[in-house]
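*Asks:* Here you go, coords_28.cif (mmCIF, C-alpha atoms and all ligand atoms):
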data_final
#
loop_
_atom_site.label_atom_id
_atom_site.label_comp_id
_atom_site.auth_asym_id
_atom_site.auth_seq_id
_atom_site.Cartn_x
_atom_site.Cartn_y
_atom_site.Cartn_z
CA MET A 3 34.80 -138.61 135.15
CA ASN A 4 35.84 -138.62 138.81
CA PRO A 5 38.72 -136.07 139.01
CA ALA A 6 40.32 -138.15 141.79
CA VAL A 7 40.83 -141.03 139.33
CA PRO A 8 44.09 -140.58 137.41
CA ALA A 9 44.16 -140.74 133.62
CA LEU A 10 44.61 -144.10 131.92
CA GLU A 11 48.22 -144.90 131.16
CA ASP A 12 47.49 -145.74 127.51
CA GLU A 13 45.29 -143.99 124.97
CA LEU A 14 43.84 -145.54 121.83
CA GLY A 15 47.02 -144.87 119.81
CA ASP A 16 49.22 -146.65 122.37
CA VAL A 17 46.93 -149.68 122.36
CA LEU A 18 46.90 -149.88 118.55
CA GLU A 19 50.69 -149.64 118.46
CA LYS A 20 51.16 -152.37 121.10
CA ALA A 21 48.58 -154.59 119.43
CA ALA A 22 50.35 -154.27 116.05
CA ARG A 23 53.55 -155.40 117.75
CA HIS A 24 51.73 -158.37 119.30
CA VAL A 25 50.44 -159.60 115.95
CA GLY A 26 53.77 -158.77 114.27
CA VAL A 27 52.20 -157.15 111.23
CA PRO A 28 53.20 -153.70 109.85
CA MET A 29 50.58 -150.98 110.37
CA GLU A 30 50.19 -150.45 106.59
CA LYS A 31 49.12 -154.08 106.22
CA ILE A 32 46.77 -153.78 109.21
CA ALA A 33 45.19 -150.71 107.59
CA ALA A 34 44.65 -152.67 104.37
CA LEU A 35 43.25 -155.75 106.16
CA ALA A 36 40.88 -153.61 108.25
CA ASP A 37 39.94 -151.40 105.29
CA VAL A 38 40.84 -148.23 107.21
CA GLU A 39 42.82 -145.39 105.60
CA MET A 40 46.41 -145.34 106.88
CA GLY A 41 46.16 -141.57 107.44
CA ARG A 42 43.28 -142.09 109.86
CA ILE A 43 45.29 -144.70 111.78
CA LYS A 44 48.28 -142.32 111.86
CA ASP A 45 46.02 -139.65 113.39
CA ALA A 46 44.99 -142.14 116.10
CA LEU A 47 48.65 -142.98 116.76
CA ASP A 48 49.23 -139.21 117.16
CA TYR A 49 46.37 -139.01 119.70
CA ARG A 50 44.01 -137.26 117.24
CA SER A 51 41.69 -140.16 116.56
CA GLU A 52 38.56 -139.67 114.50
CA LEU A 53 38.09 -143.38 113.89
CA THR A 54 34.44 -144.42 113.72
CA GLN A 55 32.99 -147.28 115.70
CA ALA A 56 32.83 -149.38 112.51
CA GLU A 57 36.52 -148.72 111.78
CA LEU A 58 37.45 -149.55 115.38
CA GLY A 59 35.47 -152.78 115.08
CA ARG A 60 37.36 -153.82 111.96
CA LEU A 61 40.71 -152.90 113.55
CA ALA A 62 39.76 -154.88 116.67
CA ARG A 63 39.13 -157.98 114.54
CA VAL A 64 42.42 -157.69 112.64
CA LEU A 65 44.42 -156.93 115.81
CA HIS A 66 42.61 -159.55 117.98
CA LEU A 67 41.40 -156.88 120.40
CA ASN A 68 38.29 -156.63 122.56
CA GLU A 69 36.02 -154.36 120.49
CA VAL A 70 33.88 -153.13 123.39
CA GLY A 71 36.92 -152.17 125.46
CA LEU A 72 38.65 -150.56 122.47
CA CYS A 73 35.59 -148.41 121.68
CA ALA A 74 35.20 -147.43 125.36
CA LEU A 75 38.85 -146.37 125.38
CA ALA A 76 38.42 -144.38 122.14
CA GLN A 77 35.40 -142.56 123.61
CA GLY A 78 37.20 -141.75 126.88
CA ARG A 79 34.69 -143.94 128.72
CA TYR A 80 36.81 -146.85 129.88
CA PRO A 81 35.45 -147.91 133.32
CA THR A 82 37.81 -147.73 136.30
CA PRO A 83 36.24 -149.24 139.44
CA GLU A 84 38.23 -148.24 142.51
CA ASP A 85 36.43 -149.33 145.68
CA CYS A 86 36.55 -153.01 146.55
CA GLY A 87 36.28 -152.87 150.34
CA LEU A 88 39.80 -154.09 151.08
CA PRO A 89 40.43 -155.59 154.56
CA PHE A 90 43.59 -153.43 154.81
CA ARG A 91 44.56 -149.91 153.81
CA LEU A 92 46.04 -149.19 150.39
CA HIS A 93 47.88 -145.90 149.79
CA PRO A 94 48.67 -145.28 146.11
CA LEU A 95 51.79 -143.10 145.76
CA ARG A 96 51.47 -141.41 142.38
CA MET A 97 54.65 -139.76 141.12
CA PRO A 98 55.23 -137.75 137.94
CA PHE A 99 57.64 -139.48 135.56
CA GLY A 100 58.32 -138.09 132.08
CA VAL A 101 54.98 -137.27 130.48
CA GLY A 102 53.18 -139.78 132.69
CA VAL A 103 52.88 -141.02 136.24
CA ALA A 104 54.53 -143.97 137.99
CA ASN A 105 52.82 -145.61 140.94
CA ALA A 106 54.19 -147.16 144.11
CA TYR A 107 51.92 -148.49 146.87
CA LEU A 108 51.85 -148.77 150.64
CA VAL A 109 49.72 -151.50 152.20
CA SER A 110 48.97 -151.31 155.91
CA THR A 111 46.94 -153.43 158.30
CA GLY A 112 46.80 -150.56 160.78
CA GLY A 113 48.93 -148.25 162.91
CA ASP A 114 51.81 -146.35 161.35
CA SER A 115 53.58 -149.26 159.63
CA ALA A 116 53.20 -150.54 156.10
CA VAL A 117 54.74 -152.64 153.37
CA LEU A 118 56.06 -150.74 150.35
CA PHE A 119 55.64 -151.97 146.78
CA ASP A 120 58.10 -150.33 144.36
CA THR A 121 59.93 -147.12 145.25
CA GLY A 122 59.02 -144.69 142.48
CA ALA A 123 61.05 -142.57 140.11
CA SER A 124 63.26 -141.07 142.81
CA HIS A 125 63.50 -140.83 146.55
CA ALA A 126 62.49 -137.15 146.38
CA GLU A 127 59.26 -138.01 144.50
CA LEU A 128 58.55 -140.88 146.86
CA HIS A 129 58.99 -138.52 149.79
CA ARG A 130 56.62 -135.96 148.22
CA ALA A 131 53.89 -138.59 147.71
CA TRP A 132 54.34 -140.17 151.16
CA PRO A 133 51.31 -140.09 153.53
CA ALA A 134 52.00 -138.62 156.98
CA ALA A 135 50.17 -141.54 158.63
CA ILE A 136 52.90 -144.05 157.67
CA THR A 137 56.20 -143.74 159.50
CA ARG A 138 57.56 -147.29 159.47
CA ILE A 139 58.29 -149.70 156.60
CA GLU A 140 58.22 -153.40 157.46
CA ALA A 141 59.35 -154.70 154.06
CA VAL A 142 59.93 -153.59 150.48
CA PHE A 143 58.82 -155.52 147.39
CA VAL A 144 59.87 -154.67 143.84
CA THR A 145 57.93 -155.65 140.70
CA HIS A 146 60.76 -155.00 138.24
CA TYR A 147 64.06 -153.17 137.93
CA GLU A 148 63.16 -150.15 135.82
CA ALA A 149 64.16 -146.59 136.71
CA GLU A 150 60.65 -145.31 137.46
CA HIS A 151 59.91 -148.21 139.84
CA ILE A 152 63.17 -148.50 141.82
CA GLY A 153 64.39 -144.88 141.81
CA GLY A 154 64.19 -144.57 145.59
CA LEU A 155 65.23 -148.15 146.41
CA GLU A 156 68.81 -147.68 147.67
CA THR A 157 67.83 -144.75 149.90
CA VAL A 158 64.76 -146.55 151.28
CA LEU A 159 66.84 -149.63 152.17
CA ARG A 160 69.43 -147.43 153.89
CA GLU A 161 66.95 -145.20 155.75
CA THR A 162 64.80 -148.06 156.99
CA GLU A 163 67.87 -150.20 157.82
CA LEU A 164 66.06 -153.11 156.15
CA GLY A 165 69.06 -153.65 153.88
CA ARG A 166 67.15 -156.24 151.79
CA PHE A 167 64.09 -156.26 149.59
CA TYR A 168 61.95 -158.91 147.89
CA GLY A 169 61.80 -159.01 144.11
CA PRO A 170 62.04 -161.18 141.01
CA PRO A 171 65.30 -163.18 141.25
CA THR A 172 68.20 -161.22 139.77
CA GLY A 173 71.97 -161.35 139.83
CA ARG A 174 72.19 -157.56 139.60
CA TRP A 175 71.02 -156.70 143.12
CA PRO A 176 72.81 -158.50 145.98
CA GLN A 177 70.19 -157.03 148.36
CA CYS A 178 67.42 -158.97 146.59
CA ARG A 179 65.68 -161.91 148.21
CA GLY A 180 64.35 -163.50 145.05
CA LEU A 181 60.74 -164.71 145.00
CA GLY A 182 59.68 -167.12 142.27
CA GLU A 183 56.23 -168.22 141.11
CA GLY A 184 53.93 -169.05 144.03
CA GLN A 185 56.42 -168.20 146.78
CA SER A 186 54.86 -166.39 149.74
CA VAL A 187 56.10 -164.15 152.54
CA GLU A 188 54.14 -163.22 155.66
CA VAL A 189 54.99 -159.78 156.99
CA ALA A 190 53.16 -157.01 158.88
CA GLY A 191 49.94 -159.05 159.06
CA LEU A 192 49.91 -159.64 155.30
CA LYS A 193 50.46 -162.68 153.13
CA ILE A 194 52.22 -161.67 149.93
CA THR A 195 52.60 -164.17 147.09
CA ALA A 196 54.71 -163.70 143.98
CA LEU A 197 53.55 -164.44 140.45
CA HIS A 198 56.47 -164.57 138.02
CA THR A 199 55.40 -162.63 134.94
CA PRO A 200 58.27 -161.85 132.53
CA GLY A 201 57.41 -160.08 129.29
CA HIS A 202 57.65 -156.34 129.97
CA ALA A 203 61.07 -157.13 131.43
CA PRO A 204 62.93 -160.45 131.83
CA GLU A 205 62.67 -160.08 135.61
CA HIS A 206 59.13 -159.12 136.55
CA ASN A 207 56.86 -160.15 139.43
CA CYS A 208 53.28 -159.34 140.34
CA TYR A 209 52.16 -159.83 143.96
CA THR A 210 48.85 -160.92 145.42
CA ILE A 211 48.14 -159.62 148.91
CA GLY A 212 45.74 -160.91 151.55
CA LEU A 213 45.58 -160.95 155.32
CA ALA A 214 48.05 -163.35 156.96
CA GLY A 215 46.36 -166.48 158.27
CA LYS A 216 43.47 -166.26 155.80
CA SER A 217 43.16 -168.86 153.09
CA GLY A 218 42.27 -167.95 149.52
CA PRO A 219 43.88 -165.92 146.78
CA GLY A 220 43.90 -162.56 148.63
CA ASN A 221 42.27 -159.23 147.85
CA LEU A 222 44.77 -157.14 145.92
CA LEU A 223 47.11 -157.61 142.98
CA ILE A 224 50.13 -155.34 142.59
CA SER A 225 50.51 -155.79 138.84
CA GLY A 226 53.62 -153.71 138.07
CA ASP A 227 53.86 -153.21 134.32
CA LEU A 228 52.04 -156.43 133.39
CA ILE A 229 48.44 -155.14 133.41
CA PHE A 230 47.14 -151.57 133.34
CA ALA A 231 43.52 -150.42 133.43
CA GLY A 232 42.63 -150.60 129.73
CA SER A 233 45.97 -151.86 128.49
CA LEU A 234 49.10 -153.91 129.13
CA GLY A 235 52.65 -152.79 129.75
CA GLY A 236 54.90 -152.81 126.70
CA GLY A 237 56.29 -156.26 125.90
CA TYR A 238 59.84 -154.95 125.62
CA PHE A 239 61.41 -158.29 126.62
CA CYS A 240 58.84 -160.53 124.88
CA CYS A 241 55.36 -159.34 123.92
CA GLN A 242 54.03 -162.90 123.51
CA ARG A 243 55.03 -163.77 127.08
CA GLN A 244 53.59 -160.45 128.29
CA LEU A 245 50.24 -161.35 126.72
CA LYS A 246 50.39 -164.95 127.94
CA HIS A 247 51.05 -163.94 131.56
CA ALA A 248 48.42 -161.17 131.52
CA ARG A 249 45.80 -163.69 130.39
CA ARG A 250 47.04 -166.31 132.86
CA VAL A 251 46.92 -163.92 135.83
CA LEU A 252 43.46 -162.58 134.97
CA GLU A 253 42.13 -166.13 134.59
CA LEU A 254 43.76 -167.31 137.82
CA LEU A 255 42.50 -164.59 140.16
CA PRO A 256 38.96 -163.85 141.40
CA GLY A 257 36.94 -161.16 139.63
CA ASP A 258 36.55 -158.97 142.71
CA MET A 259 40.30 -158.66 143.26
CA LEU A 260 41.51 -155.06 143.03
CA ILE A 261 44.45 -154.40 140.69
CA ALA A 262 47.02 -151.74 141.54
CA PRO A 263 49.16 -151.19 138.40
CA GLY A 264 52.57 -149.54 138.02
CA HIS A 265 50.95 -146.78 135.93
CA GLY A 266 47.44 -145.35 135.68
CA PRO A 267 44.37 -145.91 137.86
CA LEU A 268 43.23 -148.88 139.93
CA THR A 269 40.94 -151.45 138.34
CA THR A 270 39.63 -154.96 139.07
CA VAL A 271 40.21 -158.41 137.62
CA ALA A 272 36.57 -158.59 136.45
CA ASN A 273 36.78 -155.19 134.78
CA GLU A 274 39.92 -156.11 132.84
CA ARG A 275 38.55 -159.55 131.90
CA ARG A 276 35.53 -157.81 130.46
CA PHE A 277 36.99 -154.69 128.85
CA ASN A 278 40.78 -154.83 128.53
CA PRO A 279 41.41 -154.48 124.78
CA PHE A 280 44.03 -157.25 124.89
CA LEU A 281 41.78 -159.79 126.61
CA VAL A 282 39.55 -161.51 124.09
FE FE A 301 56.92 -148.67 134.20
#
I'd like the structure from this file rewritten - as structure tokens, please.
*Replies:*
Amino acid sequence: MNPAVPALEDELGDVLEKAARHVGVPMEKIAALADVEMGRIKDALDYRSELTQAELGRLARVLHLNEVGLCALAQGRYPTPEDCGLPFRLHPLRMPFGVGVANAYLVSTGGDSAVLFDTGASHAELHRAWPAAITRIEAVFVTHYEAEHIGGLETVLRETELGRFYGPPTGRWPQCRGLGEGQSVEVAGLKITALHTPGHAPEHNCYTIGLAGKSGPGNLLISGDLIFAGSLGGGYFCCQRQLKHARRVLELLPGDMLIAPGHGPLTTVANERRFNPFLV
């Protein structure tokens, strides 16, 4: 594995747990339906999986999961393509948060300015992850209003004197310029279009990004906590809507589009269509 590629956000146990929630069936019943001992599923949930390929196959059928992707995940061999030849620069800002990592992103068409997507767990962490090459922020976009994605927001708005940010419409942040489904903004040489994708949270946007003035769907998706490499964000607001929007977005966008998720490594639309356990 390339050491520069961060670990997947979710392991096999996380995926099984989320999938059980999606189908709304208790794990004991899933074990019985898949003919897998409950103790062996419990071990997988505790990150000590010894499930065989045959057991994983039966679980995939009961949980409506992609068997190939699930087995790749279980073997630690889930593919994570990273290089898509973007026509602009992407700087992932990876910040420790709890036991995991939260991502923010800078996108720049050149020079020292960039557009910031999410602001990380705290301003201090954002500062630590910041590349020296970027000294000016032209705009800030937020995917959703969770602590590990907007920790540095107030300070960033103050320091940059932007005062406002773009995000999913909300009554909680007077500084928010709400962007609904399909609404676009052109800034810093980029065209940024919102996709409204509630499910992980009631207010959640993904953003497609392409060069301003170019037609087409763009080159990059900032997916927030909708889609991760090898998994989906938790459907804490509504797991059915989370699943519905993940499928919709992956069907809508071109296969060669790079995905930059709120947690874990980069991936592509084609990779997730093919291997994401939740996409069958
Ligand atoms: Fe998150």
*Asks:* Take atom CA of Gly180 of chain A and atom CA of Thr210 of chain A and report the distance between them in Å, one decimal.
*Replies:*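 Computed distance, atom CA of Gly180 of chain A to atom CA of Thr210 of chain A, equals 15.7 Å.
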*Asks:* With only C-alpha atoms as the basis for distance, which of A:Asp37, A:Glu84, A:His247, A:His146 is at the shortest distance from Pro8 of chain A?
*Replies:*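 Comparing A:Asp37, A:Glu84, A:His247, A:His146 against Pro8 of chain A, the winner is A:Glu84.
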*Asks:* Out of A:Val27, A:Asn278, A:Leu155, A:Lys20, which residue has the shortest atom-to-atom distance to Cys240 of chain A when counting all atoms listed in the file?
*Replies:*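 Closest candidate: A:Lys20.
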*Asks:* Calculated over all atoms listed in the file, which of the candidates A:Ser186, A:Asn68, A:Ser225, A:Thr199 has the smallest distance to ligand FE 301 (chain A)?
*Replies:*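 Closest candidate: A:Ser225.
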*Asks:* Rank A:Val271, A:Met40, A:Leu58, A:Leu234 by their smallest atom-to-atom distance to Glu11 of chain A, using only C-alpha atoms, and report the top residue only.
*Replies:*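 Of A:Val271, A:Met40, A:Leu58, A:Leu234, the one nearest Glu11 of chain A, counting only C-alpha atoms, is A:Leu234.
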*Asks:* Using all atoms listed in the file, what table do you get, as a tab-separated table, when you list each residue of chain A with an atom no more than 10 Å from ligand FE 301 (chain A), its nearest pair of atoms, and their distance in Å rounded to one decimal, rows by chain then rising number?
*Replies:*
residue	atom	partner	partner_atom	distance
A:Glu11	CA	A:FE301	FE	10.0
A:Phe99	CA	A:FE301	FE	9.3
A:Gly102	CA	A:FE301	FE	9.8
A:Val103	CA	A:FE301	FE	8.9
A:Ala104	CA	A:FE301	FE	6.5
A:Asn105	CA	A:FE301	FE	8.5
A:Gly122	CA	A:FE301	FE	9.4
A:Ala123	CA	A:FE301	FE	9.4
A:Thr145	CA	A:FE301	FE	9.6
A:His146	CA	A:FE301	FE	8.4
A:Tyr147	CA	A:FE301	FE	9.2
A:Glu148	CA	A:FE301	FE	6.6
A:Ala149	CA	A:FE301	FE	7.9
A:Glu150	CA	A:FE301	FE	6.0
A:His151	CA	A:FE301	FE	6.4
A:Ile152	CA	A:FE301	FE	9.9
A:His202	CA	A:FE301	FE	8.8
A:Ala203	CA	A:FE301	FE	9.8
A:Gly226	CA	A:FE301	FE	7.2
A:Asp227	CA	A:FE301	FE	5.5
A:Leu228	CA	A:FE301	FE	9.2
A:Gly235	CA	A:FE301	FE	7.4
A:Gly236	CA	A:FE301	FE	8.8
A:Pro263	CA	A:FE301	FE	9.2
A:Gly264	CA	A:FE301	FE	5.9
A:His265	CA	A:FE301	FE	6.5
*Asks:* Could those selected residues go to a file with C-alpha atoms, as a JSON list (two decimals), in the coordinates of the input?
*Replies:*
[["chain", "number", "residue", "atom", "x", "y", "z"],
["A", 11, "GLU", "CA", 48.22, -144.90, 131.16],
["A", 99, "PHE", "CA", 57.64, -139.48, 135.56],
["A", 102, "GLY", "CA", 53.18, -139.78, 132.69],
["A", 103, "VAL", "CA", 52.88, -141.02, 136.24],
["A", 104, "ALA", "CA", 54.53, -143.97, 137.99],
["A", 105, "ASN", "CA", 52.82, -145.61, 140.94],
["A", 122, "GLY", "CA", 59.02, -144.69, 142.48],
["A", 123, "ALA", "CA", 61.05, -142.57, 140.11],
["A", 145, "THR", "CA", 57.93, -155.65, 140.70],
["A", 146, "HIS", "CA", 60.76, -155.00, 138.24],
["A", 147, "TYR", "CA", 64.06, -153.17, 137.93],
["A", 148, "GLU", "CA", 63.16, -150.15, 135.82],
["A", 149, "ALA", "CA", 64.16, -146.59, 136.71],
["A", 150, "GLU", "CA", 60.65, -145.31, 137.46],
["A", 151, "HIS", "CA", 59.91, -148.21, 139.84],
["A", 152, "ILE", "CA", 63.17, -148.50, 141.82],
["A", 202, "HIS", "CA", 57.65, -156.34, 129.97],
["A", 203, "ALA", "CA", 61.07, -157.13, 131.43],
["A", 226, "GLY", "CA", 53.62, -153.71, 138.07],
["A", 227, "ASP", "CA", 53.86, -153.21, 134.32],
["A", 228, "LEU", "CA", 52.04, -156.43, 133.39],
["A", 235, "GLY", "CA", 52.65, -152.79, 129.75],
["A", 236, "GLY", "CA", 54.90, -152.81, 126.70],
["A", 263, "PRO", "CA", 49.16, -151.19, 138.40],
["A", 264, "GLY", "CA", 52.57, -149.54, 138.02],
["A", 265, "HIS", "CA", 50.95, -146.78, 135.93]]
*Asks:* How big is the axis-aligned box around all listed atoms of segment 77-90 of chain A once 5 Å goes on each side, and where's its centre, in Å to one decimal, as AutoDock Vina command-line options?
*Replies:*
--center_x 39.1 --center_y -148.7 --center_z 139.2 --size_x 18.9 --size_y 23.8 --size_z 41.2
*Asks:* Nearest residue to Val64 of chain A out of A:Arg276, A:Leu35, A:Pro219, A:Gly201, using all atoms listed in the file?
*Replies:* A:Leu35
*Asks:* What's around Phe277 of chain A at 12 Å? Count all atoms listed in the file, leave out sequence neighbours fewer than 5 positions away in its own chain, and write the answer as a list of chain:residue names.
*Replies:*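 Answer for this query is A:Leu67, A:Asn68, A:Glu69, A:Val70, A:Gly71, A:Leu72, A:Cys73, A:Ala74, A:Leu75, A:Arg79, A:Tyr80, A:Pro81, A:Thr82, A:Pro83, A:Phe230, A:Ala231, A:Gly232, A:Ser233, A:Leu252, A:Thr269, A:Thr270, A:Val271, A:Ala272, A:Val282.
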*Asks:* From the set A:Ala21, A:Gly153, A:Gly78, A:Leu95, which residue has the shortest atom-to-atom contact distance to Leu268 of chain A, counting all atoms listed in the file?
*Replies:*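 Selected residue with least distance to Leu268 of chain A: A:Leu95.
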*Asks:* Which residues are close to Arg23 of chain A, i.e. within 12 Å by all atoms listed in the file, leaving aside same-chain residues fewer than 2 positions away? Reply as a list of chain:residue names.
*Replies:*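 The contact residues come out as A:Asp16, A:Val17, A:Leu18, A:Glu19, A:Lys20, A:Ala21, A:Val25, A:Gly26, A:Val27, A:Pro28, A:Met29, A:Ile32, A:Leu65, A:His66, A:Gly236, A:Gly237, A:Tyr238, A:Cys240, A:Cys241, A:Gln242, A:Gln244, A:Leu245.
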*Asks:* Give me, please, the distance in Å between atom CA of Ala214 of chain A and atom CA of Val109 of chain A, quoted to one decimal.
*Replies:*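 One can read the atom CA of Ala214 of chain A to atom CA of Val109 of chain A distance as 12.9 Å.
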*Asks:* What is the distance between atom CA of Pro176 of chain A and atom CA of His198 of chain A, in Å to one decimal?
*Replies:*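 Separation between atom CA of Pro176 of chain A and atom CA of His198 of chain A: 19.2 Å.
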*Asks:* Would you mind listing what lies within 6 Å of Ile136 of chain A as number ranges by chain, with only C-alpha atoms counted and same-chain residues fewer than 2 positions away left out?
*Replies:* A: 114-115, 133-134, 138
*Asks:* Quick one: residues within 12 Å of Ala135 of chain A, all atoms listed in the file, excluding same-chain residues fewer than 4 positions away - as a list of chain:residue names?
*Replies:*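 Neighbouring residues, sequence-local ones excluded: A:Arg91, A:Leu92, A:His93, A:Leu108, A:Val109, A:Ser110, A:Gly112, A:Gly113, A:Asp114, A:Ser115, A:Ala116, A:Ala131, A:Ile139.
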*Asks:* Counting all atoms listed in the file, find the residues whose atoms lie at most 8 Å from (52.2, -162.1, 139.6) (file coordinates) and write them out as JSON, numbers by chain.
*Replies:* {"A": [183, 195, 196, 197, 198, 199, 207, 208, 209, 210, 223, 224, 225, 251]}
